[in-house]
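Content type mmCIF, C-alpha atoms, from the file model22.cif:
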data_coords
loop_
_atom_site.label_atom_id
_atom_site.label_comp_id
_atom_site.auth_asym_id
_atom_site.auth_seq_id
_atom_site.Cartn_x
_atom_site.Cartn_y
_atom_site.Cartn_z
CA MET R 1 57.52 39.64 15.73
CA ASP R 2 59.16 41.31 12.74
CA GLU R 3 61.63 38.44 12.54
CA LEU R 4 58.73 35.91 12.58
CA ILE R 5 56.85 37.80 9.88
CA ARG R 6 60.03 38.02 7.80
CA THR R 7 60.74 34.30 8.28
CA LEU R 8 57.20 33.36 7.27
CA GLY R 9 57.49 35.69 4.30
CA ILE R 10 54.36 37.68 5.10
CA ASP R 11 54.22 40.78 2.91
CA TRP R 12 51.20 43.07 2.80
CA LYS R 13 51.77 43.70 -0.92
CA LEU R 14 51.56 39.98 -1.61
CA LEU R 15 48.54 39.71 0.66
CA VAL R 16 46.74 42.39 -1.35
CA ALA R 17 47.84 40.80 -4.65
CA ASN R 18 46.59 37.39 -3.53
CA THR R 19 43.29 38.86 -2.37
CA ILE R 20 42.85 40.47 -5.79
CA THR R 21 43.81 37.15 -7.41
CA PHE R 22 41.11 35.43 -5.39
CA GLY R 23 38.65 38.08 -6.52
CA ILE R 24 39.61 37.43 -10.14
CA VAL R 25 39.10 33.68 -9.67
CA LEU R 26 35.74 34.35 -8.04
CA TRP R 27 34.73 36.55 -10.99
CA ILE R 28 35.90 33.99 -13.56
CA LEU R 29 34.04 31.17 -11.86
CA ARG R 30 30.89 33.23 -11.37
CA ARG R 31 30.93 34.42 -14.97
CA PHE R 32 31.90 31.19 -16.72
CA ALA R 33 30.90 28.39 -14.38
CA TYR R 34 28.49 29.08 -11.52
CA ARG R 35 25.97 31.29 -13.25
CA PRO R 36 25.57 29.36 -16.54
CA ILE R 37 25.67 25.96 -14.86
CA ILE R 38 23.25 26.89 -12.07
CA ASN R 39 20.90 28.44 -14.64
CA LEU R 40 21.17 25.30 -16.74
CA LEU R 41 20.54 23.06 -13.72
CA ASP R 42 17.56 25.20 -12.72
CA ARG R 43 16.15 25.03 -16.24
CA ARG R 44 16.71 21.27 -16.37
CA ARG R 45 15.16 20.80 -12.93
CA GLN R 46 12.20 22.91 -14.01
CA ALA R 47 11.88 20.96 -17.25
CA ILE R 48 11.96 17.65 -15.35
CA ALA R 49 9.41 18.94 -12.84
CA ASP R 50 7.20 20.17 -15.70
CA SER R 51 7.52 16.86 -17.52
CA LEU R 52 6.65 14.93 -14.37
CA ALA R 53 3.70 17.22 -13.72
CA LYS R 54 2.55 16.78 -17.32
CA ALA R 55 2.96 13.02 -17.09
CA LYS R 56 0.98 12.99 -13.85
CA GLN R 57 -1.67 15.22 -15.40
CA SER R 58 -1.80 12.99 -18.48
CA ALA R 59 -2.16 9.92 -16.28
CA GLU R 60 -4.96 11.60 -14.35
CA GLU R 61 -6.60 12.75 -17.58
CA PHE R 62 -6.27 9.23 -18.97
CA LYS R 63 -7.86 7.86 -15.80
CA VAL R 64 -10.68 10.40 -16.04
CA TRP R 65 -11.01 9.63 -19.75
CA GLN R 66 -11.18 5.92 -19.00
CA GLN R 67 -13.82 6.52 -16.34
CA GLU R 68 -15.70 8.75 -18.78
CA LYS R 69 -15.40 6.09 -21.47
CA GLN R 70 -16.63 3.44 -19.04
CA ARG R 71 -19.50 5.69 -18.02
CA LEU R 72 -20.42 6.36 -21.66
CA VAL R 73 -20.28 2.65 -22.46
CA GLU R 74 -22.50 1.92 -19.46
CA GLU R 75 -24.87 4.70 -20.52
CA ALA R 76 -24.92 3.41 -24.08
CA LYS R 77 -25.65 -0.11 -22.84
CA THR R 78 -28.43 1.16 -20.60
CA GLU R 79 -29.81 3.30 -23.42
CA ALA R 80 -29.61 0.40 -25.84
CA LEU R 81 -31.43 -1.86 -23.38
CA ARG R 82 -33.99 0.84 -22.78
CA LEU R 83 -34.51 1.27 -26.52
CA VAL R 84 -34.82 -2.46 -27.00
CA HIS R 85 -37.38 -2.65 -24.19
CA GLN R 86 -39.20 0.35 -25.59
CA ALA R 87 -39.21 -1.18 -29.07
CA GLU R 88 -40.50 -4.42 -27.64
CA ARG R 89 -43.21 -2.61 -25.74
CA GLN R 90 -44.14 -0.57 -28.81
CA ALA R 91 -44.17 -3.70 -30.96
CA GLU R 92 -46.39 -5.42 -28.42
CA THR R 93 -48.68 -2.41 -28.22
CA LEU R 94 -48.82 -2.23 -32.01
CA ARG R 95 -49.49 -5.91 -32.25
CA GLN R 96 -52.24 -5.63 -29.65
CA GLN R 97 -53.66 -2.62 -31.41
CA GLN R 98 -53.58 -4.31 -34.80
CA LEU R 99 -55.11 -7.39 -33.30
CA ALA R 100 -57.87 -5.34 -31.73
CA GLU R 101 -58.45 -3.49 -34.98
CA THR R 102 -58.51 -6.72 -36.93
CA GLN R 103 -60.91 -8.21 -34.44
CA ALA R 104 -63.08 -5.12 -34.57
CA GLU R 105 -63.00 -5.14 -38.36
CA SER R 106 -63.86 -8.82 -38.41
CA ALA R 107 -66.70 -8.23 -36.00
CA ARG R 108 -67.90 -5.32 -38.07
CA LEU R 109 -67.73 -7.34 -41.29
CA LEU R 110 -69.45 -10.23 -39.63
CA ALA R 111 -72.21 -8.00 -38.32
CA ARG R 112 -72.66 -6.36 -41.68
CA THR R 113 -72.75 -9.70 -43.44
CA LYS R 114 -75.27 -10.99 -40.92
CA ASP R 115 -77.31 -7.88 -41.39
CA GLN R 116 -77.20 -8.20 -45.17
CA LEU R 117 -78.07 -11.85 -44.93
CA ALA R 118 -80.96 -11.05 -42.61
CA ARG R 119 -82.19 -8.33 -44.93
CA GLN R 120 -81.84 -10.55 -47.96
CA GLN R 121 -83.55 -13.32 -46.11
CA ALA R 122 -86.39 -10.97 -45.09
CA GLN R 123 -86.65 -9.69 -48.61
CA LEU R 124 -86.75 -13.21 -49.99
CA VAL R 125 -89.36 -14.15 -47.48
CA THR R 126 -91.42 -11.11 -48.39
CA GLU R 127 -91.06 -11.80 -52.07
CA ALA R 128 -91.86 -15.43 -51.55
CA LYS R 129 -94.96 -14.45 -49.57
CA ARG R 130 -95.99 -12.03 -52.25
CA GLU R 131 -95.45 -14.64 -54.90
CA LEU R 132 -97.30 -17.12 -52.85
CA ALA R 133 -100.18 -14.72 -52.28
CA SER R 134 -100.32 -14.10 -55.97
CA LEU R 135 -100.39 -17.78 -56.64
CA VAL R 136 -103.05 -18.19 -54.00
CA VAL R 137 -105.15 -15.53 -55.61
CA GLN R 138 -104.70 -17.04 -59.03
CA ALA R 139 -105.45 -20.43 -57.68
CA THR R 140 -108.49 -19.19 -55.83
CA GLY R 141 -109.65 -17.39 -58.92
CA LYS R 142 -109.39 -20.52 -60.93
CA VAL R 143 -111.18 -22.36 -58.20
CA ILE R 144 -114.04 -19.99 -58.09
CA ASP R 145 -113.69 -19.50 -61.86
CA GLN R 146 -114.33 -15.98 -61.69
CA GLU R 147 -112.30 -13.10 -62.76
CA LEU R 148 -111.60 -10.83 -60.00
CA ASP R 149 -111.57 -7.19 -60.70
CA GLU R 150 -108.49 -5.28 -59.99
CA ASP R 151 -109.66 -3.79 -56.76
CA LEU R 152 -110.94 -7.04 -55.44
CA ASP R 153 -107.80 -8.80 -56.46
CA ARG R 154 -105.80 -6.26 -54.51
CA ARG R 155 -107.90 -6.56 -51.42
CA PHE R 156 -107.93 -10.26 -51.62
CA SER R 157 -104.15 -10.41 -51.98
CA ARG R 158 -103.72 -8.09 -49.01
CA ARG R 159 -105.99 -10.24 -46.89
CA ALA R 160 -104.17 -13.34 -48.02
CA LEU R 161 -100.93 -11.72 -47.13
CA GLU R 162 -102.19 -10.70 -43.69
CA GLY R 163 -103.40 -14.22 -43.23
CA LEU R 164 -99.94 -15.51 -44.00
CA LYS R 165 -98.25 -13.27 -41.48
CA MET X 1 72.16 16.33 -1.72
CA ASN X 2 71.83 19.82 -0.38
CA LEU X 3 68.12 20.56 0.28
CA SER X 4 67.17 24.16 0.70
CA ILE X 5 63.82 24.62 2.36
CA SER X 6 62.35 28.06 2.80
CA LEU X 7 59.17 28.84 4.73
CA ALA X 8 58.68 31.98 2.71
CA ALA X 9 58.03 32.01 -1.01
CA GLU X 10 61.17 33.05 -2.87
CA PRO X 11 61.08 36.16 -5.04
CA ILE X 12 62.17 35.44 -8.57
CA ALA X 13 61.81 38.96 -9.89
CA HIS X 14 60.78 42.48 -8.91
CA VAL X 15 58.46 44.68 -10.95
CA LEU X 16 58.46 48.31 -9.81
CA GLY X 17 59.49 47.19 -6.35
CA PHE X 18 56.76 44.58 -6.27
CA PRO X 19 58.12 41.10 -5.59
CA ILE X 20 57.08 38.34 -8.00
CA THR X 21 57.43 35.15 -5.99
CA ASN X 22 57.50 31.56 -7.20
CA SER X 23 54.21 30.94 -5.36
CA MET X 24 52.64 33.74 -7.40
CA ILE X 25 53.65 31.85 -10.54
CA GLY X 26 51.98 28.73 -9.10
CA THR X 27 48.91 30.78 -8.19
CA LEU X 28 48.67 32.30 -11.66
CA ALA X 29 48.99 28.81 -13.14
CA ALA X 30 46.05 27.74 -10.95
CA VAL X 31 44.04 30.77 -12.10
CA ALA X 32 44.81 29.89 -15.73
CA VAL X 33 43.77 26.27 -15.24
CA ILE X 34 40.51 27.30 -13.57
CA ALA X 35 39.75 29.85 -16.30
CA ILE X 36 40.51 27.41 -19.12
CA VAL X 37 38.51 24.54 -17.58
CA ALA X 38 35.54 26.80 -16.71
CA ARG X 39 35.49 28.28 -20.21
CA ARG X 40 35.97 24.89 -21.87
CA ALA X 41 33.18 23.30 -19.82
CA THR X 42 30.57 26.01 -20.33
CA ARG X 43 31.43 27.32 -23.80
CA ARG X 44 28.56 25.42 -25.40
CA LEU X 45 26.08 24.31 -22.80
CA GLN X 46 23.82 21.65 -24.24
CA ALA X 47 20.83 19.65 -23.08
CA VAL X 48 22.87 16.53 -23.81
CA PRO X 49 26.11 17.53 -22.11
CA SER X 50 29.69 16.93 -23.20
CA ARG X 51 32.13 15.19 -20.83
CA TRP X 52 33.53 18.53 -19.70
CA GLN X 53 30.05 19.85 -19.10
CA VAL X 54 29.10 16.74 -17.14
CA ALA X 55 32.15 17.18 -14.90
CA ALA X 56 31.42 20.87 -14.38
CA GLU X 57 27.73 20.21 -13.67
CA ALA X 58 28.56 17.42 -11.23
CA THR X 59 31.05 19.66 -9.40
CA VAL X 60 28.73 22.65 -9.17
CA ASP X 61 25.71 20.52 -8.28
CA GLY X 62 27.69 18.59 -5.66
CA LEU X 63 28.95 21.80 -4.07
CA LEU X 64 25.44 23.30 -4.19
CA GLY X 65 24.16 20.22 -2.41
CA LEU X 66 26.90 20.52 0.21
CA VAL X 67 26.11 24.19 0.87
CA ASP X 68 22.39 23.38 0.90
CA SER X 69 22.92 20.65 3.49
CA VAL X 70 24.49 23.21 5.85
CA THR X 71 22.24 26.21 5.22
CA ASN X 72 18.92 24.38 4.68
CA ASP X 73 17.89 27.54 2.91
CA ARG X 74 18.08 27.97 -0.89
CA GLN X 75 18.38 31.74 -0.65
CA GLN X 76 21.34 31.52 1.71
CA THR X 77 22.87 28.82 -0.47
CA ARG X 78 22.69 31.14 -3.48
CA ARG X 79 24.44 33.90 -1.47
CA PHE X 80 27.16 31.80 0.13
CA PHE X 81 27.83 29.41 -2.72
CA PRO X 82 30.12 31.53 -4.96
CA VAL X 83 32.61 32.36 -2.18
CA VAL X 84 32.56 28.90 -0.59
CA ALA X 85 32.85 27.05 -3.91
CA THR X 86 35.62 29.38 -5.10
CA ILE X 87 37.59 28.80 -1.91
CA PHE X 88 37.26 25.04 -2.40
CA LEU X 89 38.10 25.00 -6.12
CA PHE X 90 40.91 27.54 -5.88
CA ILE X 91 42.65 25.85 -2.96
CA LEU X 92 42.14 22.40 -4.50
CA THR X 93 43.62 23.51 -7.81
CA MET X 94 46.61 25.12 -6.11
CA ASN X 95 47.15 22.07 -3.89
CA TRP X 96 47.03 19.59 -6.75
CA LEU X 97 49.05 21.75 -9.14
CA GLY X 98 51.78 21.80 -6.48
CA LEU X 99 52.05 18.02 -6.91
CA LEU X 100 53.00 18.25 -10.58
CA PRO X 101 56.56 17.10 -11.23
CA PHE X 102 57.84 20.48 -12.38
CA PHE X 103 56.70 22.21 -9.18
CA GLY X 104 59.88 22.14 -7.09
CA PRO X 105 62.68 20.62 -9.13
CA ILE X 106 62.80 23.33 -11.83
CA GLY X 107 64.69 26.39 -10.62
CA TRP X 108 68.15 27.78 -10.22
CA ARG X 109 70.92 27.95 -7.63
CA GLU X 110 71.99 31.21 -6.09
CA ILE X 111 74.40 32.24 -3.40
CA GLU X 112 72.74 33.86 -0.43
CA HIS X 113 74.70 34.93 2.65
CA GLY X 114 77.62 32.90 1.33
CA ARG X 115 75.52 29.77 1.09
CA GLU X 116 74.25 28.10 -2.06
CA THR X 117 70.48 27.72 -2.14
CA PHE X 118 68.11 26.27 -4.71
CA VAL X 119 65.23 28.54 -5.74
CA PRO X 120 62.38 26.68 -7.44
CA PHE X 121 60.59 28.51 -10.25
CA PHE X 122 57.18 27.12 -9.29
CA ARG X 123 55.71 26.80 -5.81
CA SER X 124 52.14 25.93 -4.87
CA GLY X 125 50.06 28.95 -3.94
CA SER X 126 48.88 27.19 -0.78
CA ALA X 127 52.48 26.70 0.31
CA ASP X 128 52.75 30.45 0.76
CA LEU X 129 51.37 31.97 3.93
CA ASN X 130 50.49 35.14 2.02
CA MET X 131 47.94 33.23 -0.02
CA THR X 132 46.45 31.18 2.83
CA LEU X 133 46.28 34.30 5.00
CA ALA X 134 44.61 36.23 2.17
CA ILE X 135 41.91 33.56 1.81
CA ALA X 136 41.55 33.38 5.60
CA LEU X 137 41.06 37.16 5.67
CA ILE X 138 38.42 36.89 2.95
CA SER X 139 36.69 34.15 4.93
CA VAL X 140 36.72 36.04 8.25
CA ILE X 141 35.83 39.43 6.77
CA GLY X 142 33.14 37.72 4.70
CA THR X 143 31.73 36.23 7.90
CA GLN X 144 31.45 39.70 9.44
CA VAL X 145 29.75 41.04 6.31
CA VAL X 146 27.26 38.17 6.32
CA GLY X 147 26.53 38.80 10.02
CA ILE X 148 26.05 42.54 9.51
CA LEU X 149 23.79 42.00 6.49
CA ALA X 150 21.75 39.44 8.42
CA VAL X 151 21.11 41.30 11.70
CA GLY X 152 22.42 44.83 11.17
CA ALA X 153 25.71 46.43 12.19
CA LYS X 154 24.55 47.52 15.66
CA LYS X 155 23.18 44.18 16.71
CA TYR X 156 26.08 42.28 15.19
CA GLY X 157 28.54 44.64 16.94
CA GLN X 158 26.98 43.70 20.29
CA LYS X 159 28.39 40.24 19.76
CA PHE X 160 31.86 41.71 20.36
CA LEU X 161 31.10 44.73 22.53
CA ASN X 162 28.33 44.34 25.06
CA LEU X 163 28.56 46.46 28.23
CA LYS X 164 25.23 45.43 29.75
CA ASN X 165 26.73 42.65 31.72
CA PRO X 166 30.38 41.85 32.64
CA ILE X 167 29.92 38.26 31.47
CA PHE X 168 28.67 39.44 28.07
CA THR X 169 31.59 41.88 27.89
CA PHE X 170 34.00 39.05 28.58
CA VAL X 171 32.28 36.77 26.07
CA GLY X 172 32.43 39.60 23.51
CA LEU X 173 36.15 39.93 24.10
CA ILE X 174 36.60 36.20 23.57
CA GLU X 175 34.51 36.40 20.40
CA PHE X 176 36.69 39.24 19.17
CA ILE X 177 39.88 37.29 19.84
CA SER X 178 38.37 34.16 18.28
CA GLU X 179 37.99 35.99 14.97
CA PHE X 180 41.78 36.46 14.91
CA THR X 181 42.46 32.91 15.99
CA LYS X 182 40.17 31.79 13.17
CA MET X 183 42.37 33.63 10.73
CA ILE X 184 45.52 32.12 12.21
CA SER X 185 44.13 28.58 12.36
CA PHE X 186 42.72 28.84 8.82
CA SER X 187 45.92 30.09 7.27
CA PHE X 188 48.41 27.99 9.23
CA ARG X 189 46.45 24.77 8.89
CA LEU X 190 46.40 24.99 5.11
CA PHE X 191 49.90 26.37 4.80
CA GLY X 192 51.33 23.81 7.25
CA ASN X 193 49.72 20.82 5.55
CA ILE X 194 50.63 21.78 2.00
CA PHE X 195 54.10 23.05 2.81
CA ALA X 196 54.81 19.95 4.90
CA GLY X 197 53.55 17.78 2.05
CA GLU X 198 55.84 19.45 -0.44
CA VAL X 199 58.81 19.10 1.92
CA LEU X 200 57.91 15.45 2.53
CA LEU X 201 57.79 14.73 -1.20
CA LEU X 202 61.05 16.59 -1.71
CA VAL X 203 62.78 14.63 1.07
CA ILE X 204 61.43 11.27 -0.08
CA ALA X 205 62.32 12.02 -3.71
CA SER X 206 65.84 13.02 -2.70
CA LEU X 207 66.30 9.85 -0.62
CA VAL X 208 64.68 7.30 -2.99
CA PRO X 209 63.88 8.99 -6.30
CA LEU X 210 62.12 6.02 -7.93
CA LEU X 211 58.73 4.58 -6.80
CA ALA X 212 59.06 5.56 -3.12
CA PRO X 213 57.33 8.95 -3.58
CA VAL X 214 54.29 7.36 -5.27
CA PRO X 215 52.33 6.49 -2.08
CA PHE X 216 53.16 9.93 -0.71
CA TYR X 217 51.81 11.53 -3.86
CA PHE X 218 48.50 9.72 -3.27
CA LEU X 219 48.59 10.87 0.35
CA GLU X 220 49.16 14.46 -0.78
CA ILE X 221 46.33 14.24 -3.34
CA PHE X 222 44.08 13.24 -0.46
CA VAL X 223 45.49 15.90 1.89
CA GLY X 224 45.04 18.55 -0.80
CA LEU X 225 41.37 17.58 -1.23
CA ILE X 226 40.71 17.41 2.50
CA GLN X 227 42.36 20.75 3.24
CA ALA X 228 40.38 22.49 0.50
CA PHE X 229 37.21 20.87 1.81
CA VAL X 230 37.93 21.82 5.44
CA PHE X 231 38.69 25.43 4.54
CA ALA X 232 35.53 25.79 2.45
CA LEU X 233 33.30 23.96 4.92
CA LEU X 234 34.53 25.96 7.92
CA THR X 235 33.95 29.18 5.99
CA LEU X 236 30.45 27.99 5.16
CA VAL X 237 29.72 27.08 8.78
CA PHE X 238 30.97 30.48 9.99
CA PHE X 239 28.80 32.19 7.36
CA LYS X 240 25.79 30.21 8.51
CA ILE X 241 26.45 30.97 12.20
CA ALA X 242 26.86 34.66 11.40
CA ALA X 243 23.64 34.70 9.34
CA THR X 244 21.68 33.23 12.27
CA ALA X 245 23.41 35.35 14.93
CA GLU X 246 20.12 36.90 16.09
CA GLU X 247 19.17 33.59 17.62
CA HIS X 248 22.04 33.81 20.13
#
Write the structure described by the file as structure tokens, please.
Amino acid sequence: MDELIRTLGIDWKLLVANTITFGIVLWILRRFAYRPIINLLDRRRQAIADSLAKAKQSAEEFKVWQQEKQRLVEEAKTEALRLVHQAERQAETLRQQQLAETQAESARLLARTKDQLARQQAQLVTEAKRELASLVVQATGKVIDQELDEDLDRRFSRRALEGLK
Amino acid sequence: MNLSISLAAEPIAHVLGFPITNSMIGTLAAVAVIAIVARRATRRLQAVPSRWQVAAEATVDGLLGLVDSVTNDRQQTRRFFPVVATIFLFILTMNWLGLLPFFGPIGWREIEHGRETFVPFFRSGSADLNMTLAIALISVIGTQVVGILAVGAKKYGQKFLNLKNPIFTFVGLIEFISEFTKMISFSFRLFGNIFAGEVLLLVIASLVPLLAPVPFYFLEIFVGLIQAFVFALLTLVFFKIAATAEEH
């Protein structure tokens, strides 16, 4: 066994030295390679994941925004149509109202004019009758050649007027 | 040509009775390369990476993915990754450094037991059983630590020593022995492949120095990668098995 170990060159001192050497390599790699690179890779992975999440969120927000925009456009169209219809209805109502008012005013004017005409006509008739009665009295007076006193003239005119009615 | 092949790494100096072998020089060269590359790649980490940073990121991310594919658990991956990745990168660097032209031919001749031998100044760390055994020990001891941390010392100990049932006792004994065989298979597989590769290149280069070694260099590049991968992956699998030992 000793001969084999000697032939293979196994030496506990070298074994310990090599183990320590391995430990040093492990420390160097941990300190200068594994830790910084793994941290960097983790940060990069996180950054990529964040960017993807943000892009996805942005896409979803854009989709929502588009839907919102579409909805607003639809609402605006509906509102515009509603306003147009309302304006049309109001215009129609106003037109009808104005028409009715105009008609009423016309009717009122017509009635008033008729009334005035009737009153003027009645007045003219009355005046004409009075004039006529006066003429009748004068004519009668001349016929009978007699001056009528004032009281008789009045009574006579009244009777003539009643006779004309 | 007189080829001198030694299974053991040759000491090139002694410091306070401590032997400095040519494989230690190769190992230190690997450590230096790893340190320089790691520092160079991560000195200024940027969002838009440099070529060095890209290579380092690709390596670390690829190894993380490999560990993840075995553990299926990010927490376990974070715990196992440093040891597994270091085993892979350290062995790979040592294996590939051993293929450089000055590993092997540069050295000196000395007379030992009346016979002239050539002692190379550089030798790959993986071509020394002391290094492969050290990493195998780290792997096997690490497996036990992972098992104990996962299920507790008492429950994990029952895997090896269970007196409730003679069959379990026997299985425990086999498990205990298998931990040693793991160490032996780990260390000898890597050592055997890399050492044999170096010897093969040496023999081919001594027979036909020009062009003939080229295909064998490509073969050894592949072998170096595969051996590093196998060592790291087996360690990872043993870690994973130990971490889920309560299921057995």
Inset, instruction - Compare X:Val60, X:Leu66, X:Val151, X:Leu201 by their minimum atom-to-atom distance to Pro101 (chain X), counting all atoms listed in the file, and give me the closest one. - result: X:Leu201
Inset, instruction - Extract, using only C-alpha atoms, all DNA, RNA and protein residues at most 8 Å from Leu15 (chain R), discarding same-chain residues fewer than 4 positions from it, and format them as a list in words. - result: Ile10, Asp11 and Thr19 of chain R; Asn130, Met131, Leu133 and Ala134 of chain X
Inset, instruction - Can you give me, as a PyMOL selection string, the residues this file yields under the PyMOL selection byres ((chain X) within 7 of (chain R))? - result: chain X and resi 7-9+31+35+38-39+42+57+60+82-83+86+129-131+134-135
Box for region 127-146 of chain R: with edges along x, y and z, all listed atoms inside and 4 Å added on each side, what are the centre and edge lengths in Å to one decimal, as AutoDock Vina command-line options?
--center_x -102.7 --center_y -17.1 --center_z -55.7 --size_x 31.3 --size_y 18.6 --size_z 20.3
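The space separating CA of Leu225 (chain X) from CA of Gly125 (chain X) comes to 14.6 Å.
Note that the spacing between CA of Arg109 (chain X) and CA of Leu4 (chain R) amounts to 24.9 Å.
This file gives the following result for the PyMOL selection byres ((chain X and resi 185) around 12): Leu129, Thr132, Leu133, Ile135, Ala136, Leu137, Ser139, Val140, Ser178, Glu179, Phe180, Thr181, Lys182, Met183, Ile184, Phe186, Ser187, Phe188, Arg189, Leu190, Phe191, Gly192, Asn193, Val230, Phe231 and Leu234 of chain X.
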Legend entry - Atomic separation - CA of Val54 (chain X) relative to CA of Ile194 (chain X), Å: 29.2 Å
Inset, instruction - Take the PyMOL selection byres ((chain X and resi 67) around 8), apply it to the structure above, and return the hits as a list in words. - result: Leu63, Leu64, Gly65, Leu66, Asp68, Ser69, Val70, Thr71, Thr77, Phe80, Phe81 and Leu236 of chain X
Residues within 9 Å of region 21-24 of chain X, only C-alpha atoms, excluding chain neighbours under 3 positions, as a short mmCIF file (atom, residue, chain, number, x, y, z; two decimals) with C-alpha atoms, in the frame of the given file:
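Result file follows (out.cif):
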data_model
loop_
_atom_site.label_atom_id
_atom_site.label_comp_id
_atom_site.auth_asym_id
_atom_site.auth_seq_id
_atom_site.Cartn_x
_atom_site.Cartn_y
_atom_site.Cartn_z
CA LEU R 14 51.56 39.98 -1.61
CA ALA R 17 47.84 40.80 -4.65
CA ASN R 18 46.59 37.39 -3.53
CA ALA X 9 58.03 32.01 -1.01
CA GLU X 10 61.17 33.05 -2.87
CA PRO X 11 61.08 36.16 -5.04
CA ILE X 12 62.17 35.44 -8.57
CA ALA X 13 61.81 38.96 -9.89
CA HIS X 14 60.78 42.48 -8.91
CA THR X 27 48.91 30.78 -8.19
CA LEU X 28 48.67 32.30 -11.66
CA ALA X 29 48.99 28.81 -13.14
CA VAL X 119 65.23 28.54 -5.74
CA PRO X 120 62.38 26.68 -7.44
CA PHE X 121 60.59 28.51 -10.25
CA PHE X 122 57.18 27.12 -9.29
CA ARG X 123 55.71 26.80 -5.81
CA SER X 124 52.14 25.93 -4.87
CA GLY X 125 50.06 28.95 -3.94
CA SER X 126 48.88 27.19 -0.78
CA ALA X 127 52.48 26.70 0.31
CA ASP X 128 52.75 30.45 0.76
CA MET X 131 47.94 33.23 -0.02
#
